[in-house]
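Dropping target-v8.txt in here (compact mmCIF, C-alpha atoms):
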# COMPACT_ATOMS: atom_id res chain seq x y z
CA MET A 1 17.32 -57.08 -85.01
CA ALA A 2 14.26 -58.45 -83.22
CA PRO A 3 12.40 -56.02 -81.01
CA CYS A 4 12.73 -56.36 -77.24
CA THR A 5 10.24 -58.55 -75.51
CA ARG A 6 8.40 -57.22 -72.49
CA ASP A 7 8.15 -58.66 -68.98
CA ARG A 8 4.95 -59.18 -66.99
CA GLY A 9 5.01 -55.58 -65.80
CA GLY A 10 5.07 -54.27 -69.34
CA ARG A 11 8.68 -53.11 -69.15
CA PRO A 12 11.15 -53.89 -71.97
CA GLU A 13 13.30 -56.83 -70.97
CA CYS A 14 16.25 -55.22 -72.72
CA PHE A 15 16.54 -52.89 -69.72
CA ASP A 16 17.10 -55.79 -67.37
CA GLY A 17 20.77 -55.87 -66.43
CA HIS A 18 21.03 -59.64 -66.08
CA LEU A 19 19.31 -60.19 -69.45
CA LEU A 20 21.70 -57.76 -71.11
CA ALA A 21 24.65 -59.57 -69.57
CA ARG A 22 23.38 -62.96 -70.79
CA ARG A 23 22.77 -61.70 -74.33
CA SER A 24 26.17 -60.00 -74.34
CA ARG A 25 27.85 -63.28 -73.45
CA GLU A 26 25.85 -65.07 -76.17
CA CYS A 27 27.11 -62.53 -78.70
CA GLY A 28 30.69 -63.10 -77.62
CA MET A 29 31.17 -59.66 -76.12
CA PHE A 30 32.06 -61.15 -72.72
CA PRO A 31 33.12 -64.76 -73.25
CA ASP A 32 34.29 -65.11 -69.66
CA ASP A 33 31.59 -64.73 -67.01
CA ASP A 34 34.13 -63.32 -64.57
CA ASP A 35 34.81 -60.39 -66.89
CA PHE A 36 31.38 -58.86 -66.38
CA ASP A 37 29.72 -57.79 -63.16
CA TRP A 38 26.49 -55.84 -63.36
CA VAL A 39 26.49 -52.83 -61.06
CA GLY A 40 23.20 -51.06 -60.39
CA PRO A 41 22.74 -47.34 -59.82
CA ASP A 42 24.45 -45.88 -56.78
CA ARG A 43 22.58 -44.71 -53.65
CA GLY A 44 22.27 -41.15 -54.86
CA TRP A 45 20.22 -42.12 -57.90
CA ASN A 46 16.55 -41.35 -57.21
CA TYR A 47 17.27 -41.57 -53.45
CA GLU A 48 14.45 -40.75 -51.07
CA PRO A 49 15.56 -40.13 -47.45
CA PRO A 50 13.62 -41.62 -44.53
CA PRO A 51 10.86 -39.38 -43.13
CA ALA A 52 12.76 -39.08 -39.83
CA ASP A 53 15.68 -37.47 -41.64
CA VAL A 54 13.34 -35.05 -43.38
CA PHE A 55 11.62 -33.99 -40.13
CA GLN A 56 14.98 -33.32 -38.49
CA THR A 57 15.45 -30.45 -40.93
CA PHE A 58 12.10 -28.89 -39.99
CA ARG A 59 12.22 -25.71 -37.97
CA SER A 60 8.83 -26.51 -36.40
CA PRO A 61 8.69 -28.99 -33.49
CA VAL A 62 7.28 -32.32 -34.69
CA TYR A 63 6.72 -35.55 -32.79
CA THR A 64 4.72 -38.78 -33.06
CA THR A 65 3.22 -41.32 -30.69
CA ASP A 66 1.85 -44.79 -31.15
CA ALA A 67 -1.83 -45.64 -30.82
CA GLU A 68 -1.51 -45.68 -27.02
CA GLY A 69 0.17 -42.31 -26.80
CA TRP A 70 3.76 -43.42 -26.14
CA LEU A 71 6.37 -41.18 -27.72
CA THR A 72 7.95 -42.81 -30.80
CA TYR A 73 9.74 -39.91 -32.50
CA TYR A 74 10.57 -36.22 -32.16
CA ASN A 75 12.87 -33.86 -34.02
CA GLU A 76 15.50 -31.58 -32.51
CA ALA A 77 13.22 -28.57 -32.74
CA ALA A 78 10.78 -30.30 -30.39
CA ALA A 79 13.57 -31.06 -27.90
CA ASP A 80 14.62 -27.40 -28.02
CA LEU A 81 11.06 -26.31 -27.26
CA TRP A 82 10.62 -28.82 -24.42
CA GLY A 83 14.01 -27.99 -22.90
CA TYR A 84 15.19 -31.60 -22.71
CA HIS A 85 15.28 -34.90 -24.64
CA PRO A 86 12.51 -37.21 -23.35
CA GLU A 87 12.94 -40.97 -23.61
CA LEU A 88 11.18 -42.68 -26.49
CA GLY A 89 8.78 -45.40 -25.45
CA LYS A 90 8.78 -44.19 -21.82
CA THR A 91 7.20 -40.76 -22.22
CA ARG A 92 3.47 -40.64 -22.83
CA TRP A 93 1.21 -38.14 -24.57
CA CYS A 94 3.73 -35.33 -24.91
CA GLY A 95 7.36 -34.40 -24.32
CA CYS A 96 6.42 -31.26 -22.37
CA TRP A 97 7.61 -31.37 -18.78
CA ARG A 98 4.33 -29.82 -17.67
CA ILE A 99 1.32 -28.25 -19.41
CA PHE A 100 -0.89 -25.41 -18.17
CA THR A 101 -4.16 -24.02 -19.44
CA LEU A 102 -4.29 -20.33 -20.33
CA GLU A 103 -5.78 -19.78 -16.87
CA GLY A 104 -2.60 -21.16 -15.30
CA VAL A 105 -4.12 -24.48 -14.16
CA VAL A 106 -2.00 -27.61 -14.54
CA LEU A 107 -3.38 -29.75 -17.37
CA PRO A 108 -3.05 -33.53 -16.80
CA PHE A 109 -1.24 -35.23 -19.67
CA ASP A 110 -4.14 -37.62 -20.27
CA GLN A 111 -6.25 -34.54 -21.03
CA SER A 112 -3.70 -32.97 -23.36
CA PRO A 113 -4.62 -32.24 -27.00
CA ILE A 114 -2.90 -35.35 -28.36
CA ALA A 115 -4.69 -37.53 -25.79
CA LEU A 116 -8.03 -36.06 -26.86
CA THR A 117 -7.15 -36.72 -30.50
CA LEU A 118 -6.59 -40.40 -29.73
CA LYS A 119 -9.78 -40.65 -27.66
CA GLU A 120 -11.98 -38.86 -30.19
CA GLY A 121 -10.24 -40.10 -33.35
CA ARG A 122 -10.13 -36.73 -35.07
CA PRO A 123 -7.66 -33.88 -35.59
CA LEU A 124 -7.75 -31.18 -32.94
CA ARG A 125 -7.40 -27.58 -34.05
CA GLY A 126 -7.49 -24.22 -32.31
CA ALA A 127 -6.28 -25.44 -28.90
CA GLN A 128 -3.91 -23.19 -26.95
CA ALA A 129 -1.86 -24.00 -23.89
CA ILE A 130 1.34 -23.15 -22.03
CA LEU A 131 4.17 -25.63 -21.63
CA GLU A 132 6.75 -25.60 -18.88
CA ARG A 133 10.36 -26.70 -19.25
CA PRO A 134 12.26 -28.43 -16.43
CA ASP A 135 13.91 -25.11 -15.57
CA GLY A 136 10.51 -23.48 -15.03
CA THR A 137 10.38 -21.48 -18.27
CA ARG A 138 6.82 -21.26 -19.59
CA ILE A 139 6.04 -20.90 -23.30
CA PRO A 140 2.59 -20.45 -24.91
CA PHE A 141 2.00 -22.73 -27.89
CA MET A 142 -0.61 -24.16 -30.23
CA PRO A 143 -0.68 -27.92 -31.00
CA TYR A 144 -1.91 -29.53 -34.21
CA PRO A 145 -2.37 -33.26 -33.43
CA THR A 146 -3.54 -35.46 -36.30
CA PRO A 147 -4.40 -39.20 -36.15
CA LEU A 148 -2.63 -41.51 -38.61
CA ARG A 149 -4.62 -44.50 -39.92
CA ASP A 150 -3.77 -47.71 -41.75
CA ALA A 151 -5.54 -49.02 -44.86
CA SER A 152 -8.44 -50.32 -42.76
CA GLY A 153 -8.99 -46.94 -41.07
CA THR A 154 -7.60 -47.98 -37.69
CA ILE A 155 -5.59 -45.34 -35.85
CA VAL A 156 -2.02 -46.58 -35.58
CA ALA A 157 -0.25 -43.38 -34.56
CA VAL A 158 -0.62 -39.65 -34.01
CA SER A 159 1.55 -36.85 -35.33
CA ASN A 160 1.71 -33.45 -33.70
CA VAL A 161 3.17 -30.14 -34.83
CA LEU A 162 3.75 -27.50 -32.13
CA VAL A 163 3.65 -23.81 -33.01
CA ARG A 164 5.31 -21.52 -30.52
CA VAL A 165 3.28 -18.37 -29.86
CA SER A 166 5.75 -15.53 -29.92
CA ARG A 167 3.23 -12.68 -29.80
CA LEU A 168 1.28 -12.59 -26.58
CA ASN A 169 -1.80 -11.09 -28.27
CA TRP A 170 -2.30 -14.43 -30.02
CA TYR A 171 -3.81 -15.85 -26.87
CA HIS A 172 -5.99 -14.34 -24.18
CA PRO A 173 -5.34 -15.65 -20.68
CA VAL A 174 -7.82 -14.94 -17.92
CA GLU A 175 -6.93 -11.98 -15.77
CA PRO A 176 -5.07 -13.06 -12.60
CA SER A 177 -6.83 -13.13 -9.27
CA ALA A 178 -6.71 -10.03 -7.10
CA ASP A 179 -4.89 -12.12 -4.51
CA ALA A 180 -1.58 -12.34 -6.36
CA SER A 181 0.01 -14.02 -3.37
CA ILE A 182 -1.10 -17.42 -4.69
CA ASP A 183 1.67 -17.17 -7.29
CA PRO A 184 4.87 -18.52 -5.70
CA CYS A 185 7.01 -16.63 -8.22
CA ALA A 186 5.41 -13.20 -7.71
CA ASP A 187 7.56 -10.38 -6.41
CA PRO A 188 6.86 -10.14 -2.64
CA ARG A 189 7.00 -6.34 -2.80
CA THR A 190 4.11 -6.24 -5.27
CA VAL A 191 2.12 -8.68 -3.13
CA VAL A 192 2.46 -7.31 0.40
CA ALA A 193 3.02 -3.59 -0.13
CA PRO A 194 -0.47 -2.81 -1.50
CA ILE A 195 -2.07 -4.61 1.45
CA ALA A 196 0.16 -2.82 3.93
CA ARG A 197 -1.04 0.52 2.58
CA ARG A 198 -4.70 -0.30 3.16
CA THR A 199 -6.62 1.86 5.59
CA GLY A 200 -7.45 -0.06 8.77
CA LEU A 201 -5.01 -2.88 8.12
CA GLU A 202 -5.51 -5.76 10.53
CA LEU A 203 -3.19 -8.48 11.67
CA ASP A 204 -5.52 -11.05 10.15
CA ASP A 205 -4.58 -9.79 6.69
CA LEU A 206 -0.93 -10.63 7.27
CA THR A 207 -1.82 -13.93 8.89
CA GLY A 208 -3.79 -14.96 5.80
CA LEU A 209 -0.93 -14.03 3.52
CA LEU A 210 1.45 -15.98 5.69
CA GLN A 211 -0.69 -19.10 5.43
CA VAL A 212 -0.78 -18.77 1.65
CA THR A 213 3.01 -18.38 1.63
CA LEU A 214 3.47 -21.47 3.79
CA ALA A 215 1.19 -23.44 1.45
CA ALA A 216 3.14 -22.19 -1.57
CA LEU A 217 6.41 -23.33 0.03
CA ALA A 218 4.92 -26.78 0.59
CA ASP A 219 3.74 -26.87 -3.03
CA VAL A 220 7.24 -26.04 -4.25
CA GLU A 221 8.72 -28.92 -2.26
CA PHE A 222 6.01 -31.36 -3.37
CA GLU A 223 6.47 -30.37 -7.02
CA TYR A 224 10.23 -30.81 -6.74
CA LEU A 225 9.89 -34.29 -5.24
CA SER A 226 7.34 -35.27 -7.90
CA ASP A 227 9.64 -34.05 -10.66
CA CYS A 228 12.55 -36.05 -9.25
CA GLU A 229 10.39 -39.17 -9.11
CA ARG A 230 9.62 -38.79 -12.82
CA ILE A 231 13.23 -39.50 -13.73
CA ASP A 232 13.93 -42.19 -11.13
CA GLY A 233 13.73 -44.81 -13.87
CA TRP A 234 15.68 -42.79 -16.42
CA SER A 235 17.60 -45.08 -18.76
CA GLY A 236 18.85 -42.47 -21.22
CA PRO A 237 22.18 -40.66 -21.15
CA MET A 238 23.23 -39.84 -17.60
CA ALA A 239 24.46 -36.42 -18.71
CA GLU A 240 20.91 -35.53 -19.78
CA ARG A 241 19.52 -36.82 -16.48
CA ASP A 242 22.01 -34.77 -14.47
CA ARG A 243 21.20 -31.67 -16.51
CA ILE A 244 17.47 -32.08 -15.81
CA LEU A 245 18.10 -32.55 -12.08
CA ALA A 246 20.24 -29.41 -12.02
CA GLN A 247 17.47 -27.44 -13.71
CA LEU A 248 14.88 -28.73 -11.24
CA GLU A 249 17.07 -27.77 -8.29
CA GLN A 250 17.65 -24.28 -9.70
CA LYS A 251 13.91 -23.78 -10.18
CA ARG A 252 13.23 -24.99 -6.62
CA ARG A 253 15.85 -22.65 -5.18
CA ARG A 254 14.56 -19.70 -7.19
CA GLN A 255 10.97 -20.23 -6.05
CA ARG A 256 11.97 -20.75 -2.43
CA ASP A 257 14.03 -17.54 -2.42
CA VAL A 258 11.00 -15.52 -3.49
CA LEU A 259 8.77 -17.14 -0.87
CA ASP A 260 11.34 -16.75 1.90
CA LYS A 261 11.63 -13.04 1.15
CA ARG A 262 7.86 -12.75 1.22
CA ALA A 263 7.67 -14.47 4.58
CA ALA A 264 10.34 -12.16 6.00
CA LEU A 265 8.40 -9.13 4.74
CA LEU A 266 5.21 -10.42 6.30
CA GLU A 267 7.01 -10.91 9.59
CA ARG A 268 8.30 -7.34 9.62
CA GLN A 269 4.82 -6.02 8.90
CA ALA A 270 3.30 -8.10 11.68
CA ARG A 271 5.90 -7.08 14.26
CA ARG A 272 5.50 -3.43 13.33
CA LEU A 273 1.73 -3.63 13.87
CA MET A 274 2.25 -5.23 17.27
CA GLY A 275 4.88 -2.71 18.30
CA LEU A 276 7.62 -5.34 18.58
CA PRO A 277 11.26 -4.75 17.65
CA PRO A 278 12.55 -6.32 14.42
CA ALA A 279 13.44 -9.97 14.79
CA GLU A 280 16.99 -11.17 14.45
CA PRO A 281 17.65 -12.45 10.92
CA GLU A 282 17.43 -16.21 10.68
CA ARG A 283 18.45 -18.22 7.67
CA GLN A 284 16.71 -21.47 8.53
CA ALA A 285 13.36 -20.14 9.79
CA VAL A 286 11.32 -16.97 10.03
CA ARG A 287 9.25 -16.62 13.20
CA VAL A 288 6.18 -14.41 13.25
CA ALA A 289 4.40 -12.81 16.19
CA LEU A 290 1.59 -15.35 16.09
CA GLY A 291 3.97 -18.23 16.67
CA GLY A 292 4.12 -19.52 13.10
CA THR A 293 7.39 -20.76 11.61
CA VAL A 294 8.38 -20.85 7.96
CA HIS A 295 10.79 -23.71 7.29
How does the structure come out when it is put into structure tokens?
Amino acid sequence: MAPCTRDRGGRPECFDGHLLARRSRECGMFPDDDDFDWVGPDRGWNYEPPPADVFQTFRSPVYTTDAEGWLTYYNEAAADLWGYHPELGKTRWCGCWRIFTLEGVVLPFDQSPIALTLKEGRPLRGAQAILERPDGTRIPFMPYPTPLRDASGTIVAVSNVLVRVSRLNWYHPVEPSADASIDPCADPRTVVAPIARRTGLELDDLTGLLQVTLAALADVEFEYLSDCERIDGWSGPMAERDRILAQLEQKRRRQRDVLDKRAALLERQARRLMGLPPAEPERQAVRVALGGTVH
């Protein structure tokens, strides 16, 4: 029997299914063409799943963007970390609802680690930040953005792996300011009580705290309206949109409740200093002795 010839790739032609079928017919094994139908290996033979399927099994949050920073992929672990499912192609730089520095300052998305990676064209390592979910939950994390290049070296995408920091000693936030009243979520008892115990307390102290509280209430409303505007053009599942709106409303109500209690406490302190009787409880507004009103 003559040895098998080889094709242009150096592989034996005897392993070609169509060639085997033709030679089998020539030998009389399958005289009728309809009696033989070559069937290749099934899908499970040497099957390699798509990368997206592989990343879905990762426990670490993973996502990618295109060269302009628009979200192109994320796994379920990333959605769990972010607290919602952002829309692909309509969310830029990151799926986080909001990002803060370790000092508690809001970090613009165009200054986020993945944006810097695209601008500088290099992996970014060692960055630390705090993300906020739509419901207001804040989680410290470390990003690992890496640019992806084509054969010519041009950046065509960026991949990012997010590592949740579960031990607080992994990061070192700056100590909070002595004036804790700037935090709209702080317990009003821990904010006003120390000031009320000062020797020589003046009405101006309470007036200043009131102004900070009023400003914090305005910030809460502005943030809520801004968050609602972000999903005005939502084209994803309506159930996801409604869930996000419900979370935003709960966060707004929770922050307002804290600030309203603080304002009421400030009012009582001010009226006590001025020798006035306690004011009647009001649900819609809290009036203070200096004529201010908290809406």
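Between CA of Ile155 (chain A) and CA of Val106 (chain A) the separation is 28.0 Å.
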Contacts of Glu87 (chain A) at 8 Å (only C-alpha atoms; same-chain gap of 5+ positions) as a ChimeraX atom specification = /A:71,234-236
From the list A:Arg256, A:Arg125, A:His85, A:Lys90, which residue is nearest Glu240 (chain A) when using all atoms listed in the file?
->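 Closest to Glu240 (chain A), using all atoms listed in the file: A:His85.
The smallest atom-to-atom distance between Ala79 (chain A) and any of A:Gly126, A:Pro113, A:Pro134, A:Pro108, using all atoms listed in the file, is found for A:Pro134.
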So how many Å separate CA of Pro277 (chain A) and CA of Thr213 (chain A), to one decimal?
->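 If I compute the distance from CA of Pro277 (chain A) to CA of Thr213 (chain A), I get 22.6 Å.
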Considering only C-alpha atoms, state which residue in the set A:Leu210, A:Leu102, A:Val62, A:Ala157 is at the smallest distance from Ile130 (chain A).
->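 Between A:Leu210, A:Leu102, A:Val62, A:Ala157, the residue approaching Ile130 (chain A) most closely is A:Leu102.
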How would region 73-99 of chain A read, as a compact mmCIF listing (two decimals), in the coordinates of the input, once N, CA and C atoms are built in?
# COMPACT_ATOMS: atom_id res chain seq x y z
N TYR A 73 8.80 -40.72 -31.71
CA TYR A 73 9.74 -39.91 -32.50
C TYR A 73 9.55 -38.44 -32.17
N TYR A 74 10.65 -37.67 -32.21
CA TYR A 74 10.57 -36.22 -32.16
C TYR A 74 11.83 -35.66 -32.82
N ASN A 75 11.70 -34.48 -33.40
CA ASN A 75 12.87 -33.86 -34.02
C ASN A 75 13.57 -32.94 -33.01
N GLU A 76 14.70 -32.39 -33.43
CA GLU A 76 15.50 -31.58 -32.51
C GLU A 76 14.79 -30.29 -32.14
N ALA A 77 13.96 -29.78 -33.05
CA ALA A 77 13.22 -28.57 -32.74
C ALA A 77 12.25 -28.79 -31.58
N ALA A 78 11.68 -29.99 -31.50
CA ALA A 78 10.78 -30.30 -30.39
C ALA A 78 11.56 -30.38 -29.08
N ALA A 79 12.74 -31.00 -29.11
CA ALA A 79 13.57 -31.06 -27.90
C ALA A 79 13.98 -29.67 -27.43
N ASP A 80 14.27 -28.78 -28.38
CA ASP A 80 14.62 -27.40 -28.02
C ASP A 80 13.45 -26.70 -27.35
N LEU A 81 12.24 -26.94 -27.85
CA LEU A 81 11.06 -26.31 -27.26
C LEU A 81 10.79 -26.86 -25.87
N TRP A 82 10.89 -28.18 -25.71
CA TRP A 82 10.62 -28.82 -24.42
C TRP A 82 11.71 -28.54 -23.38
N GLY A 83 12.92 -28.26 -23.83
CA GLY A 83 14.01 -27.99 -22.90
C GLY A 83 14.77 -29.21 -22.47
N TYR A 84 14.46 -30.38 -23.03
CA TYR A 84 15.19 -31.60 -22.71
C TYR A 84 14.84 -32.65 -23.75
N HIS A 85 15.52 -33.80 -23.70
CA HIS A 85 15.28 -34.90 -24.64
C HIS A 85 14.56 -36.03 -23.90
N PRO A 86 13.24 -36.13 -24.02
CA PRO A 86 12.51 -37.21 -23.35
C PRO A 86 12.86 -38.57 -23.94
N GLU A 87 12.64 -39.61 -23.16
CA GLU A 87 12.94 -40.97 -23.61
C GLU A 87 11.81 -41.52 -24.48
N LEU A 88 12.17 -42.06 -25.62
CA LEU A 88 11.18 -42.68 -26.49
C LEU A 88 10.67 -43.96 -25.86
N GLY A 89 9.39 -44.18 -26.00
CA GLY A 89 8.78 -45.40 -25.45
C GLY A 89 8.50 -45.35 -23.97
N LYS A 90 9.00 -44.31 -23.27
CA LYS A 90 8.78 -44.19 -21.82
C LYS A 90 8.07 -42.89 -21.45
N THR A 91 7.89 -42.02 -22.44
CA THR A 91 7.20 -40.76 -22.22
C THR A 91 5.87 -40.83 -22.95
N ARG A 92 4.79 -40.48 -22.24
CA ARG A 92 3.47 -40.64 -22.83
C ARG A 92 2.78 -39.29 -23.07
N TRP A 93 2.07 -39.24 -24.15
CA TRP A 93 1.21 -38.14 -24.57
C TRP A 93 1.98 -36.94 -25.11
N CYS A 94 3.03 -36.52 -24.45
CA CYS A 94 3.73 -35.33 -24.91
C CYS A 94 5.10 -35.27 -24.26
N GLY A 95 6.03 -34.55 -24.90
CA GLY A 95 7.36 -34.40 -24.32
C GLY A 95 7.46 -33.21 -23.39
N CYS A 96 6.39 -32.40 -23.28
CA CYS A 96 6.42 -31.26 -22.37
C CYS A 96 6.63 -31.75 -20.94
N TRP A 97 7.41 -31.00 -20.19
CA TRP A 97 7.61 -31.37 -18.78
C TRP A 97 6.33 -31.17 -17.99
N ARG A 98 5.61 -30.10 -18.31
CA ARG A 98 4.33 -29.82 -17.67
C ARG A 98 3.53 -28.93 -18.60
N ILE A 99 2.19 -29.05 -18.56
CA ILE A 99 1.32 -28.25 -19.41
C ILE A 99 0.33 -27.51 -18.53
